[in-house]
Amino acid sequence: MRAVAMLVALLLSGTAAFPPFAMEQDRLKVEGIDGGDSVVVMVNARLSPGTQGCGLDPIARSNGESSHGNLLAGCKPWIAVLSKGNAMLLTTPEPKWTNAPGDQRSVTLEPIIDVPVMVWIVDPRAADKAVDDMANARLIFEENRVGIDLKPVFKNVPAESADVLTDGIVITGDGEFKCRNLRQIQQSEFYVESALNVYYVRKRAITGRNCAITPPKGDGNISFIGSAANRATLAHELGHAFGLRPVDDGGHTDGLPGFTSGNVMTGNGSEARDRFTAGQVFRMNTHKDRWGGTMLIRNRQRSGPGIECPPQRTSEQCPPLEADPPLP
Amino acid sequence: MIRYSKSTLLRAVVALIAITSAVGPMSVLAANGGGQPGQALPANASQAVTQWLESNCEEGKLKAVTRFGKAVVPDLIAALVEGPPPSSLELVRKGANASYDRLVDQAQRKPDRRVASSRQVYVDRDVDNFDAQYRVRAAQALAVIGGTEARKALEAATRQTKRDDVQTTIKRDDVQTTIEELLKLKR
């Protein structure tokens with residue numbers, strides 16, 4: 001008798017020990033999941049009454065249906081869904097959430113985005129490495145549900161044309177690395193517009209460099225991979241190409257709370273780098289900035305206009321960079 | 001490819017002795033804090049050096065090291081001569097092996113994502129590149145900091161790598177070339 005009374009009391013108190021009944025939960029149904037894999041669901045909405053109530057609901061993994069408590073009306077609600085076999089979905093719930101519990105909304109995923117990548121083998125000794133790096137980058141992108149399938153085309157650059165490309169990345173007197181000759185490269189036959197162009201060059205001191213931030217006018221479609229690159233350098237530079245800006249903007253995750261040395265955007269370390277957070281994937285698909293933003297939008301592989309979410313900015317529109325679902 | 005056999009370790013010691021002999025008494029000064037005996041290297045200097053040596057994306061990390069000037073020169077010379085610690089190399093080797101397994105698995109699922117290299121080549125390449133990167137980073141920082149000790153160490157490193165009859169821990173011709181380029185930049 002006493003046990004029944006305790007159970008009733010707990011249910012009425014609505015404590016965390018007994019979550020609200022399923023009917024009281026707002027639910028999201030995700031349709032069109034390619035391959036039936038689990039997806040990662042990010043829901044930004046009014047989570048509680050008051051001016052501070054807008055925010056990101058705990059990120060969920062879903063096999064097609066997820067529960068999100070009682071999301072309230074107001075704020076600027078959005079839903080993002082990350083999937084291995086589909087493009088990242090970013091949408092607003094239609095109709096919007098209401099204050100009443102039990103709202104049910106449904107979204108449908110679109111096919112994965114194929115991104116052409118021209119891989120220019122300037123250093124013939126890097127030919128096999130380029131193939132291996134690309135396989136690794138494709139795996140990393142898939143496993144982290146970036147929503148992009150990299151579609152490489154490997155091309156050898158004749159020796160007589162190698163110099164201008166190799167000289168596109170230089171070491172300066174103060175020991176820093178700079179992209180240069182971008183215009184010359186863009187006008188050469190070894191550059192394809194609206195595609196990512198990756199140059200494997202013989203430069204011992206260089207790991208990798210994306211040229212988005214190159215005054216006066218950079219090009220995020222150009223990346224260099226040098227002879228010191230490790231197996232994750234390509235994925236890392238493509239992260240920059242997709243708007244994860246480097247050090248001054250916090251795009252390198254070294255030492256940032258919530259990140260491990262296994263993150264792809266870690267700028268140093270000897271450990272394997274194979275993880276993107278959901279917060280990073282969101283930006284790779286949406287980021288807008290003065291350096292061209294994510295190349296996905298600039299190359300018209302994803303519709304714009306994009307959202308200004310520098311790595312370190314968290315707002316109603318921008319989930320925290322470190323936002324990630326719990327491990328499965 | 002770097003293997004830590006007894007003979008390799010012996011060669012590393014020989015190379016270290018050779019370079020410290022070349023550098024001479026000034027390295028002792030630097031080891032004590034850039035001419036300020038008794039001052040230990042600040043913890044953030046050691047951290048900055050490690051971050052730079054293991055850097056996969058260079059921006060800003062070199063300046064974080066060179067601002068410490070001659071105080072970090074002994075650490076950098078050691079890195080140039082000895083390469084990365086065995087524990088870091090082992091971490092790279094283990095990670096590369098695990099990565100290779102995953103790539104093979106992926107290629108079975110998706111044949112268009114093939115792997116071009118054998119496991120041996122894949123793993124050795126990552127280890128070798130990490131070692132070479134480590135030494136080149138050390139050379140870069142030494143070249144920027146400059147000074148007698150740094151220059152002597154760099155010159156000693158290039159001299160040794162040019163001698164075919166002497167096995168040194170710096171084996172790759174492109175590492176040697178880079179060090180030579182760095183020396184030219186400072187002339």
# chains A, B, ... in the order shown; residues from 1 in each chain; ligands from 1
>>> interface_residues(of="chain A", to="chain B", cutoff="10 Å", atoms="only C-alpha atoms", output="PyMOL selection string")
chain A and resi 127-139+151-152+171-178+202-210+227-233+236-237+246-248+252+254+265-274
>>> write_last_selection(atoms="C-alpha atoms", output="compact mmCIF listing (two decimals), in the first residue's frame")
# COMPACT_ATOMS: atom_id res chain seq x y z
CA ALA A 127 49.94 9.53 -55.12
CA ASP A 128 49.12 6.56 -52.89
CA LYS A 129 48.98 8.73 -49.81
CA ALA A 130 46.39 10.95 -51.49
CA VAL A 131 44.17 7.93 -52.18
CA ASP A 132 44.52 6.71 -48.59
CA ASP A 133 43.91 10.17 -47.13
CA MET A 134 40.78 10.54 -49.21
CA ALA A 135 39.45 7.17 -48.07
CA ASN A 136 40.06 8.27 -44.49
CA ALA A 137 38.41 11.66 -45.00
CA ARG A 138 35.35 10.01 -46.55
CA LEU A 139 35.09 7.64 -43.61
CA LYS A 151 33.75 12.55 -54.70
CA PRO A 152 37.42 12.63 -55.59
CA ILE A 171 57.45 29.42 -45.70
CA THR A 172 58.14 33.04 -44.89
CA GLY A 173 61.05 34.64 -43.12
CA ASP A 174 59.25 34.53 -39.80
CA GLY A 175 58.64 30.82 -40.19
CA GLU A 176 54.90 31.06 -40.90
CA PHE A 177 53.23 29.46 -43.89
CA LYS A 178 51.33 31.43 -46.45
CA ARG A 202 56.48 18.19 -51.91
CA LYS A 203 57.04 20.61 -49.05
CA ARG A 204 58.61 18.95 -46.09
CA ALA A 205 57.72 21.56 -43.52
CA ILE A 206 54.06 21.74 -44.48
CA THR A 207 51.35 19.54 -43.08
CA GLY A 208 48.40 21.26 -44.66
CA ARG A 209 46.88 24.62 -45.36
CA ASN A 210 43.52 25.83 -46.56
CA SER A 227 54.92 16.09 -47.15
CA ALA A 228 54.57 16.25 -43.36
CA ALA A 229 50.83 15.61 -43.48
CA ASN A 230 49.40 12.80 -41.46
CA ARG A 231 46.40 10.71 -42.43
CA ALA A 232 43.86 13.18 -41.00
CA THR A 233 45.39 16.35 -42.43
CA HIS A 236 41.27 18.76 -41.22
CA GLU A 237 41.91 21.12 -44.13
CA PRO A 246 41.51 28.34 -37.65
CA VAL A 247 43.15 29.66 -34.59
CA ASP A 248 42.08 33.30 -34.24
CA HIS A 252 41.22 24.77 -33.77
CA ASP A 254 43.26 22.37 -28.91
CA MET A 265 40.13 20.16 -35.89
CA THR A 266 42.73 19.70 -33.18
CA GLY A 267 45.77 21.52 -34.48
CA ASN A 268 48.35 19.32 -32.83
CA GLY A 269 49.02 16.03 -31.15
CA SER A 270 50.10 12.55 -32.00
CA GLU A 271 46.74 10.90 -31.42
CA ALA A 272 44.24 9.86 -34.05
CA ARG A 273 41.91 12.60 -35.20
CA ASP A 274 38.60 11.25 -36.41
>>> select_by_dssp(residues="stretch 137-326 of chain A", states="strand (DSSP E or B)", output="count of residues only")
36
>>> closest_residue(among="A:Ser38, A:Arg125, A:Ala195, A:Thr294", to="A:Phe242", atoms="only C-alpha atoms")
A:Thr294
>>> residues_around(residues="B:Ser46", least_positions_apart="2", cutoff="12 Å", atoms="only C-alpha atoms", output="list in words")
Ala40, Leu41, Pro42, Ala43, Asn44, Ala48, Val49, Thr50, Gln51, Trp52, Leu53, Ala64, Val65, Thr66, Phe68, Ala71, Val72, Val73, Pro74, Asp75, Leu76 and Ala79 of chain B
>>> write_last_selection(atoms="N, CA and C atoms", output="PDB file, in the first residue's frame")
ATOM      1  N   ALA B  40      64.587  27.923 -14.275  1.00  0.00           N
ATOM      2  CA  ALA B  40      64.003  26.781 -14.992  1.00  0.00           C
ATOM      3  C   ALA B  40      63.145  27.290 -16.139  1.00  0.00           C
ATOM      4  N   LEU B  41      63.002  26.446 -17.148  1.00  0.00           N
ATOM      5  CA  LEU B  41      62.139  26.797 -18.282  1.00  0.00           C
ATOM      6  C   LEU B  41      60.693  26.864 -17.797  1.00  0.00           C
ATOM      7  N   PRO B  42      59.988  27.967 -18.084  1.00  0.00           N
ATOM      8  CA  PRO B  42      58.600  28.053 -17.621  1.00  0.00           C
ATOM      9  C   PRO B  42      57.766  26.920 -18.199  1.00  0.00           C
ATOM     10  N   ALA B  43      56.769  26.487 -17.418  1.00  0.00           N
ATOM     11  CA  ALA B  43      55.929  25.358 -17.860  1.00  0.00           C
ATOM     12  C   ALA B  43      55.234  25.684 -19.174  1.00  0.00           C
ATOM     13  N   ASN B  44      54.790  26.944 -19.300  1.00  0.00           N
ATOM     14  CA  ASN B  44      54.081  27.284 -20.536  1.00  0.00           C
ATOM     15  C   ASN B  44      55.023  27.288 -21.742  1.00  0.00           C
ATOM     16  N   ALA B  48      54.329  25.122 -24.980  1.00  0.00           N
ATOM     17  CA  ALA B  48      54.323  25.760 -26.304  1.00  0.00           C
ATOM     18  C   ALA B  48      55.237  25.007 -27.268  1.00  0.00           C
ATOM     19  N   VAL B  49      56.384  24.566 -26.764  1.00  0.00           N
ATOM     20  CA  VAL B  49      57.324  23.821 -27.610  1.00  0.00           C
ATOM     21  C   VAL B  49      56.681  22.515 -28.076  1.00  0.00           C
ATOM     22  N   THR B  50      56.084  21.785 -27.136  1.00  0.00           N
ATOM     23  CA  THR B  50      55.448  20.512 -27.495  1.00  0.00           C
ATOM     24  C   THR B  50      54.340  20.732 -28.511  1.00  0.00           C
ATOM     25  N   GLN B  51      53.528  21.748 -28.262  1.00  0.00           N
ATOM     26  CA  GLN B  51      52.417  22.016 -29.184  1.00  0.00           C
ATOM     27  C   GLN B  51      52.933  22.334 -30.580  1.00  0.00           C
ATOM     28  N   TRP B  52      54.009  23.057 -30.627  1.00  0.00           N
ATOM     29  CA  TRP B  52      54.571  23.419 -31.927  1.00  0.00           C
ATOM     30  C   TRP B  52      55.159  22.196 -32.629  1.00  0.00           C
ATOM     31  N   LEU B  53      55.904  21.407 -31.884  1.00  0.00           N
ATOM     32  CA  LEU B  53      56.568  20.256 -32.502  1.00  0.00           C
ATOM     33  C   LEU B  53      55.567  19.248 -33.034  1.00  0.00           C
ATOM     34  N   ALA B  64      54.309  31.429 -30.572  1.00  0.00           N
ATOM     35  CA  ALA B  64      54.144  31.086 -29.152  1.00  0.00           C
ATOM     36  C   ALA B  64      55.417  30.461 -28.587  1.00  0.00           C
ATOM     37  N   VAL B  65      56.225  29.887 -29.472  1.00  0.00           N
ATOM     38  CA  VAL B  65      57.494  29.289 -29.038  1.00  0.00           C
ATOM     39  C   VAL B  65      58.618  30.318 -29.091  1.00  0.00           C
ATOM     40  N   THR B  66      58.703  31.027 -30.201  1.00  0.00           N
ATOM     41  CA  THR B  66      59.866  31.899 -30.404  1.00  0.00           C
ATOM     42  C   THR B  66      59.871  33.087 -29.436  1.00  0.00           C
ATOM     43  N   PHE B  68      59.807  32.915 -26.433  1.00  0.00           N
ATOM     44  CA  PHE B  68      60.648  32.549 -25.288  1.00  0.00           C
ATOM     45  C   PHE B  68      62.138  32.654 -25.623  1.00  0.00           C
ATOM     46  N   ALA B  71      65.766  30.679 -24.389  1.00  0.00           N
ATOM     47  CA  ALA B  71      65.466  29.752 -23.285  1.00  0.00           C
ATOM     48  C   ALA B  71      65.002  28.392 -23.793  1.00  0.00           C
ATOM     49  N   VAL B  72      64.381  28.365 -24.964  1.00  0.00           N
ATOM     50  CA  VAL B  72      63.851  27.089 -25.464  1.00  0.00           C
ATOM     51  C   VAL B  72      64.797  26.415 -26.461  1.00  0.00           C
ATOM     52  N   VAL B  73      65.919  27.043 -26.734  1.00  0.00           N
ATOM     53  CA  VAL B  73      66.847  26.484 -27.734  1.00  0.00           C
ATOM     54  C   VAL B  73      67.329  25.069 -27.372  1.00  0.00           C
ATOM     55  N   PRO B  74      67.714  24.814 -26.124  1.00  0.00           N
ATOM     56  CA  PRO B  74      68.155  23.434 -25.816  1.00  0.00           C
ATOM     57  C   PRO B  74      67.072  22.394 -26.074  1.00  0.00           C
ATOM     58  N   ASP B  75      65.855  22.716 -25.717  1.00  0.00           N
ATOM     59  CA  ASP B  75      64.751  21.767 -25.969  1.00  0.00           C
ATOM     60  C   ASP B  75      64.594  21.524 -27.462  1.00  0.00           C
ATOM     61  N   LEU B  76      64.726  22.586 -28.219  1.00  0.00           N
ATOM     62  CA  LEU B  76      64.554  22.454 -29.671  1.00  0.00           C
ATOM     63  C   LEU B  76      65.706  21.664 -30.297  1.00  0.00           C
ATOM     64  N   ALA B  79      65.060  18.135 -29.662  1.00  0.00           N
ATOM     65  CA  ALA B  79      63.993  17.628 -30.552  1.00  0.00           C
ATOM     66  C   ALA B  79      64.537  17.377 -31.953  1.00  0.00           C
TER      67      ALA B  79
END
>>> decode(residues="stretch 118-134 of chain A", atoms="C-alpha atoms", output="JSON list (two decimals), in the first residue's frame")
[["chain", "number", "residue", "atom", "x", "y", "z"],
["A", 118, "MET", "CA", 39.90, 17.58, -57.52],
["A", 119, "VAL", "CA", 43.00, 15.99, -56.09],
["A", 120, "TRP", "CA", 46.06, 17.26, -57.94],
["A", 121, "ILE", "CA", 49.09, 15.07, -57.47],
["A", 122, "VAL", "CA", 51.93, 17.54, -57.82],
["A", 123, "ASP", "CA", 54.38, 15.31, -55.94],
["A", 124, "PRO", "CA", 54.22, 11.88, -57.60],
["A", 125, "ARG", "CA", 55.48, 10.26, -54.42],
["A", 126, "ALA", "CA", 52.26, 11.32, -52.69],
["A", 127, "ALA", "CA", 49.94, 9.53, -55.12],
["A", 128, "ASP", "CA", 49.12, 6.56, -52.89],
["A", 129, "LYS", "CA", 48.98, 8.73, -49.81],
["A", 130, "ALA", "CA", 46.39, 10.95, -51.49],
["A", 131, "VAL", "CA", 44.17, 7.93, -52.18],
["A", 132, "ASP", "CA", 44.52, 6.71, -48.59],
["A", 133, "ASP", "CA", 43.91, 10.17, -47.13],
["A", 134, "MET", "CA", 40.78, 10.54, -49.21]]
